[in-house]
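J.: Take this structure, written in structure tokens, and hold onto it; I'll ask about it next.
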Amino acid sequence: MALDPTGKGRENHALAKLLGCSMDTILFALILGVLLSMFAGRRGPVIALFLIALAGTLMWFRYHVTETLPLNF
Amino acid sequence: MPRTLGFWLAHLCILGICAVLLGALGVQFIQGEFPCPLCLLQRMAMMLCALGPAYVILRLRQGDVTPTDYATGFGLSALAGLGGAFISARQVLLHIVPPDPGFGEPMFGLHLYTWALVVFATVIGMSGLFLVFNAELLPRGVRFGWPSRLVIGLLGAIILANVLAAFAQEGLHWSIPDEPDRYQLFEDLGWSKTSP
């Protein structure tokens, strides 16, 4: 699939060790945090957390994109 | 007179996305097919799509939903749908050139990432419709009851299940490989039968 040609997926990353888990786990937990923040009923923090989670997801997607698509439009 | 159509449609949106996410968990745990990095990202985007209607429903705990709340909820869903569509379109394009067989087994004739693109396009379209008919669909005179608790609880449980599944699949590693084939956490702890 050539998403991660560096093949470093299985290496123990220093930041992953520091945070105690992987980036996907952190993002899923952040999404759970957004849902929990909705119970507080305040609009601003919900929007802020939601946008952080969405931006994090898209940046993580960008990290996985490592090559140009084999297409000619 | 209570206006409930928009209220129940919000529940239906969450249930629809929960059904897709449960299907993905079923493929992972029943068929034993490991999700790839892009599959996990599409799950995240779907959960974010479901948080829009969840916001509208949870606002009912404080009283009636205002047009601002309604627009905020479905606006957030549309943004998440757009992000998710980018991710699934990228994966569709990765496998679109023959003779690439695609990633994983197809379901009802299409691969899961193609279904995900359909879901994200539907979310964007539905969010647009909900915003256009905001005045007609704004819930009035309804309260946050047990059906709402059940639906929000189901969504929360699915997100939590994904937190645990992702942790089991990746352990203390930064990310998963392109074509994952094991639960790395169990491998690292020596609990896996396949470990050397």
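Residue numbering restarts at 1 for every chain of the structure tokens, chains are lettered A, B, ... in their displayed order, and ligands are numbered from 1 as they appear.
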What are the nearest atom pairs, with distances in Å to one decimal, for all residues of segment 112-189 of chain B that come at most 10 Å from segment 9-25 of chain B, using only C-alpha atoms, set out by chain and rising residue number as CSV?

T.:
```
residue,atom,partner,partner_atom,distance
B:Leu112,CA,B:Ala24,CA,8.1
B:Trp115,CA,B:Val20,CA,9.2
B:Ala116,CA,B:Val20,CA,8.6
B:Val119,CA,B:Ile17,CA,8.1
B:Phe120,CA,B:Ile17,CA,9.9
B:Val123,CA,B:Cys13,CA,8.4
B:Met126,CA,B:Cys13,CA,8.9
B:Ser127,CA,B:Cys13,CA,9.8
B:Phe130,CA,B:Leu9,CA,9.2
B:Leu137,CA,B:Leu9,CA,8.8
B:Pro139,CA,B:Ala10,CA,9.8
B:Pro147,CA,B:His11,CA,8.5
B:Ser148,CA,B:His11,CA,7.2
B:Leu150,CA,B:His11,CA,9.9
B:Val151,CA,B:His11,CA,6.8
B:Ile152,CA,B:Ile14,CA,8.1
B:Leu154,CA,B:Cys18,CA,7.6
B:Leu155,CA,B:Cys18,CA,6.4
B:Gly156,CA,B:Cys18,CA,9.9
B:Ala157,CA,B:Cys18,CA,9.9
B:Ile158,CA,B:Leu22,CA,7.4
B:Ile159,CA,B:Leu21,CA,9.1
B:Ala161,CA,B:Leu25,CA,8.7
B:Asn162,CA,B:Leu25,CA,8.2
B:Ala165,CA,B:Leu25,CA,9.0
```

J.: Tell me which of B:Leu5, B:Val65, B:Ala54, B:Ala80 sits closest to Ala55 of chain A, counting only C-alpha atoms.

T.: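 Comparing B:Leu5, B:Val65, B:Ala54, B:Ala80 against Ala55 of chain A, the winner is B:Ala80.
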
J.: B:Pro177, B:Gly171, B:Gly73, B:Pro98: which is nearest Met38 of chain A, counting only C-alpha atoms?

T.: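 Closest residue, counting only C-alpha atoms: B:Gly73.
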
J.: Show me, as a VMD selection string, the residues that have an atom within 12 Å of Gly128 of chain B when counting only C-alpha atoms, minus same-chain residues fewer than 4 positions from it.

T.: chain B and resid 70 to 71 73 to 79 81 to 82 121 to 124 132 to 134

J.: Compile the contact shell of segment 20-34 of chain A as number ranges by chain: residues with an atom at most 9 Å away, counting only C-alpha atoms, same-chain residues fewer than 2 positions apart removed.

T.: A: 13, 15-18, 36-38, 45-47, 49-50, 52-54, 56-57, 60; B: 37, 40-41, 44, 47-48, 51, 156, 159-160, 162-167, 170-176

J.: Hey, can you check how far atom CA of Glu105 of chain B sits from atom CA of Leu185 of chain B?

T.: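 Rounded to one decimal, the two atoms are 25.0 Å apart.
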
J.: Atom CA of Ala89 of chain B to atom CA of Thr66 of chain A: how many Å, to one decimal?

T.: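 Distance between the two atoms: 15.5 Å.
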
J.: Find the residues around Val92 of chain B up to 9 Å (only C-alpha atoms counted), leave out those fewer than 3 positions away in its own chain, and share them as a count of residues only.

T.: 10

J.: From the list B:Met107, B:Ile57, B:Leu94, B:Val142, which residue is nearest chain A when using only C-alpha atoms?

T.: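 Result for the nearest residue to chain A: B:Leu94.
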
J.: If I take atom CA of Glu179 of chain B and atom CA of Glu33 of chain B, how far is one from the other in Å, to one decimal?

T.: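 That distance, rounded to one decimal, is 10.2 Å.
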